[in-house]
$ cat entry_15.cif   # mmCIF, C-alpha atoms
data_target
#
loop_
_atom_site.label_atom_id
_atom_site.label_comp_id
_atom_site.auth_asym_id
_atom_site.auth_seq_id
_atom_site.Cartn_x
_atom_site.Cartn_y
_atom_site.Cartn_z
CA MET A 1 10.61 21.29 -10.70
CA LEU A 2 8.24 22.63 -8.10
CA ILE A 3 9.69 23.83 -4.80
CA ARG A 4 7.33 22.84 -1.99
CA LYS A 5 6.91 24.97 1.09
CA PRO A 6 7.74 23.30 4.41
CA ARG A 7 4.70 22.36 6.43
CA HIS A 8 4.22 21.82 10.12
CA GLU A 9 2.75 18.40 10.92
CA PRO A 10 0.12 18.17 13.64
CA ALA A 11 1.05 17.07 17.13
CA SER A 12 -0.65 13.99 18.48
CA SER A 13 -2.58 16.17 20.91
CA GLU A 14 -4.25 17.87 17.94
CA ILE A 15 -5.59 14.64 16.47
CA THR A 16 -9.18 13.57 16.96
CA PRO A 17 -9.47 9.75 17.02
CA GLU A 18 -11.77 8.03 14.54
CA ALA A 19 -13.38 6.03 17.36
CA VAL A 20 -16.66 5.40 15.58
CA TRP A 21 -14.96 3.72 12.66
CA GLN A 22 -12.65 1.68 14.87
CA SER A 23 -15.51 0.31 16.94
CA ARG A 24 -17.77 -0.34 13.96
CA ARG A 25 -15.23 -2.01 11.67
CA GLU A 26 -13.39 -3.73 14.54
CA TRP A 27 -9.98 -3.34 13.05
CA MET A 28 -8.38 -3.36 16.45
CA ALA A 29 -10.04 -6.65 17.22
CA ARG A 30 -7.52 -8.21 14.92
CA ALA A 31 -4.93 -7.22 17.49
CA ALA A 32 -7.07 -8.78 20.25
CA MET A 33 -8.29 -5.38 21.40
CA ALA A 34 -11.91 -4.35 21.71
CA ALA A 35 -12.68 -0.97 20.24
CA ALA A 36 -14.91 1.22 22.33
CA ALA A 37 -17.91 2.77 20.67
CA ALA A 38 -17.97 6.52 20.87
CA GLY A 39 -19.48 9.55 19.25
CA LEU A 40 -17.49 11.40 16.58
CA PRO A 41 -16.12 14.60 18.14
CA ALA A 42 -15.84 17.89 16.31
CA TRP A 43 -12.75 18.37 14.18
CA ALA A 44 -9.97 20.75 15.20
CA SER A 45 -8.20 23.26 12.95
CA ARG A 46 -9.01 21.57 9.64
CA SER A 47 -12.60 20.66 10.45
CA ALA A 48 -14.20 22.49 7.55
CA PHE A 49 -12.48 20.25 5.02
CA ALA A 50 -12.48 16.85 6.73
CA GLN A 51 -15.53 15.51 4.94
CA SER A 52 -17.43 12.72 6.64
CA GLY A 53 -19.27 10.97 3.84
CA ALA A 54 -21.85 8.25 3.55
CA GLU A 55 -21.02 4.82 4.87
CA LEU A 56 -19.55 2.28 2.47
CA PRO A 57 -19.52 -1.18 4.04
CA GLY A 58 -16.75 -3.65 3.38
CA ARG A 59 -15.71 -6.92 4.96
CA PRO A 60 -12.35 -6.89 6.79
CA ASN A 61 -9.56 -8.75 4.99
CA PRO A 62 -6.71 -9.34 7.46
CA ALA A 63 -4.75 -11.22 4.79
CA TYR A 64 -4.06 -7.93 3.01
CA SER A 65 -3.96 -5.61 6.02
CA VAL A 66 -1.04 -4.37 8.08
CA MET A 67 -1.22 -4.14 11.85
CA ASP A 68 0.09 -0.55 11.99
CA LYS A 69 -2.10 2.04 13.67
CA PRO A 70 -4.19 3.82 11.01
CA THR A 71 -3.57 7.49 10.38
CA GLU A 72 -6.45 9.62 11.65
CA TRP A 73 -9.31 10.47 9.29
CA LYS A 74 -8.64 14.19 9.63
CA ASP A 75 -5.06 13.82 8.38
CA VAL A 76 -5.90 11.36 5.61
CA THR A 77 -8.49 13.77 4.23
CA THR A 78 -6.65 17.09 4.64
CA TYR A 79 -3.00 16.30 3.83
CA ASN A 80 -3.07 15.27 0.19
CA ASN A 81 -1.19 15.27 -3.08
CA TYR A 82 -3.74 16.01 -5.81
CA TYR A 83 -2.15 18.63 -8.04
CA GLU A 84 -5.28 19.18 -10.10
CA PHE A 85 -6.57 21.08 -7.05
CA GLY A 86 -3.32 22.73 -5.98
CA VAL A 87 0.26 21.96 -5.03
CA ASP A 88 0.02 22.61 -1.30
CA LYS A 89 -1.10 19.68 0.83
CA ASP A 90 -4.19 21.46 2.17
CA GLU A 91 -5.47 22.76 -1.17
CA PRO A 92 -7.18 19.55 -2.41
CA ALA A 93 -9.44 19.50 0.65
CA LYS A 94 -10.28 23.19 0.12
CA TYR A 95 -11.16 23.01 -3.56
CA ALA A 96 -12.12 19.41 -4.39
CA ASP A 97 -15.74 19.94 -3.39
CA LYS A 98 -16.28 21.17 -6.96
CA LEU A 99 -15.29 17.80 -8.45
CA GLN A 100 -18.30 16.25 -10.21
CA THR A 101 -18.40 12.53 -9.45
CA ARG A 102 -21.88 11.71 -10.81
CA PRO A 103 -22.51 10.59 -13.46
CA TRP A 104 -19.17 8.76 -13.77
CA THR A 105 -18.02 6.14 -16.23
CA VAL A 106 -14.74 4.26 -16.67
CA SER A 107 -13.82 2.84 -20.07
CA VAL A 108 -11.58 -0.26 -20.21
CA GLU A 109 -10.12 -0.73 -23.67
CA GLY A 110 -7.08 -1.53 -25.79
CA GLU A 111 -5.63 -5.04 -25.90
CA VAL A 112 -8.72 -6.75 -24.52
CA LEU A 113 -11.27 -9.13 -26.00
CA ARG A 114 -14.26 -7.46 -24.35
CA PRO A 115 -13.80 -3.68 -24.14
CA GLN A 116 -16.45 -2.15 -21.92
CA THR A 117 -17.54 1.07 -20.29
CA PHE A 118 -18.67 0.75 -16.69
CA ASP A 119 -20.64 3.26 -14.66
CA ILE A 120 -19.56 3.73 -11.07
CA ASP A 121 -22.58 1.91 -9.62
CA THR A 122 -21.81 -1.17 -11.71
CA LEU A 123 -18.20 -1.07 -10.56
CA LEU A 124 -19.27 -0.88 -6.94
CA LYS A 125 -21.25 -4.10 -7.38
CA LEU A 126 -18.67 -5.97 -9.46
CA ALA A 127 -17.20 -7.75 -6.43
CA PRO A 128 -17.63 -7.75 -2.64
CA LEU A 129 -15.96 -4.72 -1.11
CA GLU A 130 -13.16 -5.32 1.37
CA ASP A 131 -11.61 -3.25 4.15
CA ARG A 132 -7.81 -3.31 3.80
CA VAL A 133 -5.27 -1.33 5.81
CA TYR A 134 -2.32 -0.31 3.60
CA ARG A 135 0.82 1.70 4.18
CA LEU A 136 1.25 4.70 1.87
CA ARG A 137 4.76 6.09 1.29
CA CYS A 138 5.15 9.29 -0.69
CA VAL A 139 8.27 10.27 -2.55
CA GLU A 140 8.62 13.48 -0.51
CA GLY A 141 9.36 11.44 2.61
CA TRP A 142 6.03 11.32 4.45
CA SER A 143 3.84 8.29 5.02
CA MET A 144 0.41 7.25 6.28
CA VAL A 145 -1.49 4.07 7.12
CA ILE A 146 -4.89 4.13 5.41
CA PRO A 147 -7.92 1.83 5.79
CA TRP A 148 -9.16 1.58 2.19
CA VAL A 149 -12.41 0.07 0.91
CA GLY A 150 -12.32 -1.71 -2.45
CA TYR A 151 -11.35 -4.89 -4.26
CA SER A 152 -8.41 -6.13 -6.30
CA LEU A 153 -7.87 -4.42 -9.65
CA SER A 154 -7.49 -7.86 -11.21
CA THR A 155 -11.23 -8.41 -10.72
CA LEU A 156 -12.01 -5.64 -13.21
CA LEU A 157 -9.25 -6.59 -15.65
CA LYS A 158 -10.49 -10.17 -15.84
CA GLN A 159 -13.90 -8.86 -16.93
CA VAL A 160 -12.43 -7.50 -20.16
CA GLU A 161 -10.14 -10.50 -20.89
CA PRO A 162 -6.66 -9.11 -21.72
CA THR A 163 -5.16 -10.41 -24.97
CA GLY A 164 -1.74 -12.00 -25.28
CA ASN A 165 -0.40 -8.64 -26.49
CA ALA A 166 -1.31 -6.84 -23.26
CA LYS A 167 1.85 -6.09 -21.29
CA TYR A 168 1.01 -2.82 -19.52
CA VAL A 169 -2.02 -1.08 -18.03
CA GLU A 170 -2.37 2.68 -18.49
CA PHE A 171 -4.65 4.79 -16.29
CA THR A 172 -6.00 8.20 -17.30
CA THR A 173 -7.59 10.46 -14.72
CA VAL A 174 -10.37 13.00 -15.04
CA GLU A 175 -9.83 16.48 -16.47
CA GLN A 176 -12.52 18.91 -15.34
CA ARG A 177 -11.03 22.28 -16.19
CA GLU A 178 -13.95 24.24 -14.80
CA ASN A 179 -13.68 22.45 -11.45
CA MET A 180 -9.94 21.87 -11.03
CA PRO A 181 -8.00 25.10 -10.42
CA GLY A 182 -4.65 23.29 -10.53
CA LEU A 183 -5.07 22.57 -14.24
CA ARG A 184 -4.32 26.23 -14.93
CA TYR A 185 -0.71 25.73 -13.91
CA PRO A 186 1.92 23.91 -16.01
CA VAL A 187 3.03 21.53 -13.26
CA LEU A 188 2.30 18.49 -15.45
CA GLU A 189 0.73 17.66 -18.77
CA TRP A 190 -2.98 17.07 -18.21
CA PRO A 191 -4.84 14.79 -17.91
CA TYR A 192 -2.72 12.81 -15.48
CA VAL A 193 -1.53 9.45 -16.80
CA GLU A 194 -0.04 6.59 -14.78
CA ALA A 195 0.78 2.97 -15.65
CA LEU A 196 1.70 -0.44 -14.28
CA ARG A 197 3.07 -3.58 -15.79
CA LEU A 198 0.26 -6.10 -16.32
CA ASP A 199 1.60 -8.56 -13.75
CA GLU A 200 1.81 -5.71 -11.22
CA ALA A 201 -1.77 -4.71 -11.98
CA MET A 202 -2.93 -8.30 -11.59
CA HIS A 203 -1.29 -8.72 -8.19
CA PRO A 204 -3.98 -9.06 -5.49
CA LEU A 205 -2.49 -6.16 -3.49
CA ALA A 206 -3.20 -3.70 -6.32
CA LEU A 207 -6.52 -2.27 -5.16
CA LEU A 208 -9.37 -0.42 -6.84
CA VAL A 209 -10.49 1.96 -4.11
CA PHE A 210 -14.00 3.35 -3.58
CA GLY A 211 -13.77 4.42 0.05
CA LEU A 212 -11.70 4.82 3.18
CA TYR A 213 -12.42 4.38 6.87
CA GLY A 214 -15.66 2.61 5.93
CA LYS A 215 -16.98 5.70 4.14
CA VAL A 216 -17.34 6.82 0.54
CA LEU A 217 -14.05 8.13 -0.83
CA PRO A 218 -13.78 11.91 -0.32
CA ASN A 219 -13.15 13.99 -3.44
CA GLN A 220 -9.70 15.10 -2.31
CA ASN A 221 -8.65 11.47 -1.95
CA GLY A 222 -9.56 10.56 -5.53
CA ALA A 223 -13.33 10.01 -5.68
CA PRO A 224 -15.14 8.15 -6.95
CA MET A 225 -12.48 5.53 -7.83
CA ARG A 226 -8.70 5.42 -7.52
CA LEU A 227 -5.81 2.99 -7.25
CA ALA A 228 -3.82 1.95 -4.20
CA VAL A 229 -0.54 0.18 -5.01
CA PRO A 230 1.04 -0.12 -1.57
CA TRP A 231 4.56 -1.24 -2.48
CA LYS A 232 5.11 1.78 -4.75
CA TYR A 233 5.44 5.49 -4.06
CA GLY A 234 2.11 7.25 -3.78
CA PHE A 235 2.17 8.95 -7.18
CA LYS A 236 1.61 5.55 -8.83
CA SER A 237 -1.84 5.33 -7.24
CA ALA A 238 -3.86 7.33 -9.77
CA LYS A 239 -6.93 9.21 -8.54
CA SER A 240 -10.36 9.78 -10.13
CA ILE A 241 -9.83 7.33 -12.97
CA VAL A 242 -11.90 7.61 -16.17
CA ARG A 243 -10.01 5.34 -18.57
CA ILE A 244 -8.00 2.13 -18.29
CA ARG A 245 -6.14 1.02 -21.42
CA LEU A 246 -4.19 -2.21 -21.85
CA VAL A 247 -1.25 -1.81 -24.23
CA GLU A 248 1.73 -3.71 -25.58
CA ARG A 249 4.42 -1.06 -25.06
CA GLN A 250 5.41 0.70 -21.86
CA PRO A 251 3.48 3.98 -21.54
CA THR A 252 5.07 7.27 -20.52
CA SER A 253 3.47 8.42 -17.30
CA SER A 254 2.94 12.08 -16.41
CA TRP A 255 5.79 12.27 -13.91
CA MET A 256 8.16 10.45 -16.27
CA GLN A 257 7.33 13.02 -18.92
CA ALA A 258 7.89 15.89 -16.48
CA ALA A 259 11.13 14.64 -14.87
CA ALA A 260 12.34 11.23 -16.01
CA ASN A 261 15.54 11.53 -13.98
CA GLU A 262 13.52 11.76 -10.77
CA TYR A 263 10.43 9.64 -11.41
CA GLY A 264 10.94 6.27 -13.08
CA PHE A 265 8.33 3.90 -14.40
CA TYR A 266 8.55 1.40 -11.54
CA ALA A 267 8.56 3.73 -8.52
CA ASN A 268 9.05 0.83 -6.12
CA VAL A 269 9.80 2.01 -2.60
CA ASN A 270 13.55 1.46 -2.25
CA PRO A 271 15.44 3.10 0.63
CA ASP A 272 18.76 2.37 -1.12
CA VAL A 273 17.92 4.51 -4.17
CA PRO A 274 17.87 8.21 -3.21
CA HIS A 275 15.76 10.75 -5.01
CA PRO A 276 18.12 13.17 -6.82
CA ARG A 277 17.23 15.89 -4.30
CA TRP A 278 16.83 13.96 -1.04
CA SER A 279 17.37 10.62 0.65
CA GLN A 280 14.65 7.96 0.70
CA ALA A 281 16.19 6.04 3.60
CA THR A 282 13.79 7.43 6.22
CA GLU A 283 10.25 8.75 6.42
CA ARG A 284 8.00 10.70 8.77
CA ARG A 285 4.56 9.29 9.43
CA ILE A 286 1.85 11.96 9.44
CA GLY A 287 0.20 12.50 12.83
CA GLU A 288 2.82 10.52 14.72
CA GLY A 289 3.96 12.89 17.45
CA GLY A 290 4.60 16.03 15.41
CA PHE A 291 7.38 17.43 13.28
CA PHE A 292 10.22 16.65 15.70
CA THR A 293 9.40 12.96 16.14
CA PRO A 294 12.34 10.80 14.99
CA LYS A 295 11.90 9.50 11.46
CA ARG A 296 11.20 5.87 10.67
CA LYS A 297 13.47 3.70 8.58
CA THR A 298 11.97 3.18 5.13
CA LEU A 299 11.26 -0.47 4.32
CA LEU A 300 12.06 -2.06 0.97
CA PHE A 301 8.87 -2.26 -1.12
CA ASN A 302 7.26 -0.30 1.73
CA GLY A 303 7.29 -3.48 3.83
CA TYR A 304 5.58 -5.64 1.20
CA ALA A 305 8.72 -7.43 -0.04
CA ASP A 306 7.44 -10.89 0.93
CA GLN A 307 4.43 -10.41 -1.35
CA VAL A 308 5.89 -8.60 -4.36
CA ALA A 309 9.69 -9.05 -4.58
CA SER A 310 9.25 -12.02 -6.93
CA LEU A 311 7.80 -9.66 -9.55
CA TYR A 312 11.24 -8.09 -9.95
CA GLN A 313 13.50 -11.12 -9.74
CA GLY A 314 16.69 -10.53 -11.72
CA MET A 315 16.04 -6.81 -12.21
CA ASP A 316 18.40 -4.04 -11.19
CA LEU A 317 16.20 -2.06 -8.79
CA ALA A 318 18.48 0.98 -9.04
CA ALA A 319 18.48 1.14 -12.84
CA ASN A 320 14.75 0.34 -12.89
CA TYR A 321 13.84 2.95 -10.31
#

$ encode --input "entry_15.cif" --output "structure tokens"
Amino acid sequence: MLIRKPRHEPASSEITPEAVWQSRREWMARAAMAAAAAGLPAWASRSAFAQSGAELPGRPNPAYSVMDKPTEWKDVTTYNNYYEFGVDKDEPAKYADKLQTRPWTVSVEGEVLRPQTFDIDTLLKLAPLEDRVYRLRCVEGWSMVIPWVGYSLSTLLKQVEPTGNAKYVEFTTVEQRENMPGLRYPVLEWPYVEALRLDEAMHPLALLVFGLYGKVLPNQNGAPMRLAVPWKYGFKSAKSIVRIRLVERQPTSSWMQAAANEYGFYANVNPDVPHPRWSQATERRIGEGGFFTPKRKTLLFNGYADQVASLYQGMDLAANY
């Protein structure tokens, strides 16, 4: 397996607040706080790669949003796992500008009554976009709080009418060898494949994402469309999706194929099940006071147990890791 180099996390003094977004989208108003309008200052050390894209409006949905303070835009867009562009956290932001996101189509096929191919503009108009603030917990032990823009994955799946044989949903991501330098290295089998159980995919928390912070999704974050499955480790949230296939048998995802003893199919956040090479009991939130800030206790299902625990009733969450 890949050995990752340690990385210094930015101190809070290095972070530039996303004041424009906070005032415009009024997320803090949900906490009875008025956000002050302000101009967007220049970025600090990673400014060249913190893309600030076109606006993508969404309506706030407090029912599916946590009250945690969102991670700053600069960190969300420059500290990424996207191995197709490199294994270091800063490499996706450096190299993802070459990703071609137009034209873009997503085929939805397999065990469905109405297989279809959607272009990205059609998908953007399929349902009203919502602003949702989700926690993201990565298997390496770091976490963020991200304001996504999108709608429930179930909206798209209902369009194609799954058959009675559909038990799982498989996601295949884009493979642009001329634009993705990470594809030259045998980290994984390409293209990247991820999967959910159908009832997981139909849960309203499972989100099709088209933007973040009220702006079009940056390339390094999985443009033009990705998943966000907040109760699972981050690698389950496939980026830059080009195919969705409903199947009867459980698919083998890319990380399962690479290291089944470390990355199981379910990947539910579970602090009581350690990764073979490190504990999952605690986490460090990016941008929260720097590298020496005390770690947070990891929450079961990433804090979404009230919403999703019923999906796994009767299951052994250690055996089904």

$ resolve_selection --input "entry_15.cif" --expression "the PyMOL selection byres ((chain A and resi 235) around 10)" --output "PyMOL selection string"
chain A and resi 81-82+137-139+194+227-229+232-234+236-239+254-255+263+267

$ write_last_selection --input "entry_15.cif" --atoms "C-alpha atoms" --output "PDB file, in the coordinates of the input"
ATOM      1  CA  ASN A  81      -1.190  15.270  -3.080  1.00  0.00           C
ATOM      2  CA  TYR A  82      -3.740  16.010  -5.810  1.00  0.00           C
ATOM      3  CA  ARG A 137       4.760   6.090   1.290  1.00  0.00           C
ATOM      4  CA  CYS A 138       5.150   9.290  -0.690  1.00  0.00           C
ATOM      5  CA  VAL A 139       8.270  10.270  -2.550  1.00  0.00           C
ATOM      6  CA  GLU A 194      -0.040   6.590 -14.780  1.00  0.00           C
ATOM      7  CA  LEU A 227      -5.810   2.990  -7.250  1.00  0.00           C
ATOM      8  CA  ALA A 228      -3.820   1.950  -4.200  1.00  0.00           C
ATOM      9  CA  VAL A 229      -0.540   0.180  -5.010  1.00  0.00           C
ATOM     10  CA  LYS A 232       5.110   1.780  -4.750  1.00  0.00           C
ATOM     11  CA  TYR A 233       5.440   5.490  -4.060  1.00  0.00           C
ATOM     12  CA  GLY A 234       2.110   7.250  -3.780  1.00  0.00           C
ATOM     13  CA  LYS A 236       1.610   5.550  -8.830  1.00  0.00           C
ATOM     14  CA  SER A 237      -1.840   5.330  -7.240  1.00  0.00           C
ATOM     15  CA  ALA A 238      -3.860   7.330  -9.770  1.00  0.00           C
ATOM     16  CA  LYS A 239      -6.930   9.210  -8.540  1.00  0.00           C
ATOM     17  CA  SER A 254       2.940  12.080 -16.410  1.00  0.00           C
ATOM     18  CA  TRP A 255       5.790  12.270 -13.910  1.00  0.00           C
ATOM     19  CA  TYR A 263      10.430   9.640 -11.410  1.00  0.00           C
ATOM     20  CA  ALA A 267       8.560   3.730  -8.520  1.00  0.00           C
TER      21      ALA A 267
END

$ resolve_selection --input "entry_15.cif" --expression "the PyMOL selection byres ((chain A and resi 180) around 12)" --output "VMD selection string"
chain A and resid 82 to 87 91 to 100 174 to 179 181 to 185 190 to 191 219 to 220

$ residues_around --input "entry_15.cif" --residues "Thr282 of chain A" --least-positions-apart "3" --cutoff "6 Å" --atoms "all atoms listed in the file" --output "JSON, numbers by chain"
{"A": [295, 296, 297, 298]}

$ closest_residue --input "entry_15.cif" --among "A:Lys89, A:Lys74, A:Lys215, A:Lys167" --to "Pro57 of chain A" --atoms "all atoms listed in the file"
A:Lys215

$ residues_around --input "entry_15.cif" --residues "Met144 of chain A" --least-positions-apart "5" --cutoff "7 Å" --atoms "only C-alpha atoms" --output "MDAnalysis selection string"
chainID A and resid 71 135:137 285:286

$ closest_residue --input "entry_15.cif" --among "A:Pro251, A:Pro60, A:Pro186, A:Gly150" --to "Tyr266 of chain A" --atoms "all atoms listed in the file"
A:Pro251

$ resolve_selection --input "entry_15.cif" --expression "the PyMOL selection byres ((chain A and resi 273) around 12)" --output "mmCIF file with C-alpha atoms, in the coordinates of the input"
data_model
loop_
_atom_site.group_PDB
_atom_site.id
_atom_site.type_symbol
_atom_site.label_atom_id
_atom_site.label_comp_id
_atom_site.auth_asym_id
_atom_site.auth_seq_id
_atom_site.Cartn_x
_atom_site.Cartn_y
_atom_site.Cartn_z
ATOM 1 C CA VAL A 139 8.270 10.270 -2.550
ATOM 2 C CA GLU A 262 13.520 11.760 -10.770
ATOM 3 C CA TYR A 263 10.430 9.640 -11.410
ATOM 4 C CA GLY A 264 10.940 6.270 -13.080
ATOM 5 C CA ALA A 267 8.560 3.730 -8.520
ATOM 6 C CA ASN A 268 9.050 0.830 -6.120
ATOM 7 C CA VAL A 269 9.800 2.010 -2.600
ATOM 8 C CA ASN A 270 13.550 1.460 -2.250
ATOM 9 C CA PRO A 271 15.440 3.100 0.630
ATOM 10 C CA ASP A 272 18.760 2.370 -1.120
ATOM 11 C CA PRO A 274 17.870 8.210 -3.210
ATOM 12 C CA HIS A 275 15.760 10.750 -5.010
ATOM 13 C CA PRO A 276 18.120 13.170 -6.820
ATOM 14 C CA ARG A 277 17.230 15.890 -4.300
ATOM 15 C CA TRP A 278 16.830 13.960 -1.040
ATOM 16 C CA SER A 279 17.370 10.620 0.650
ATOM 17 C CA GLN A 280 14.650 7.960 0.700
ATOM 18 C CA ALA A 281 16.190 6.040 3.600
ATOM 19 C CA THR A 282 13.790 7.430 6.220
ATOM 20 C CA THR A 298 11.970 3.180 5.130
ATOM 21 C CA LEU A 299 11.260 -0.470 4.320
ATOM 22 C CA LEU A 300 12.060 -2.060 0.970
ATOM 23 C CA PHE A 301 8.870 -2.260 -1.120
ATOM 24 C CA ASP A 316 18.400 -4.040 -11.190
ATOM 25 C CA LEU A 317 16.200 -2.060 -8.790
ATOM 26 C CA ALA A 318 18.480 0.980 -9.040
ATOM 27 C CA ALA A 319 18.480 1.140 -12.840
ATOM 28 C CA ASN A 320 14.750 0.340 -12.890
ATOM 29 C CA TYR A 321 13.840 2.950 -10.310
#

$ residues_near_point --input "entry_15.cif" --point "(-17.4, 8.1, -0.6)" --cutoff "12 Å" --atoms "only C-alpha atoms" --output "PyMOL selection string"
chain A and resi 51-57+77+101-102+120+124+148-150+209-226+240

$ closest_residue --input "entry_15.cif" --among "A:Ser152, A:Arg132, A:Thr173, A:Pro230" --to "Trp104 of chain A" --atoms "all atoms listed in the file"
A:Thr173
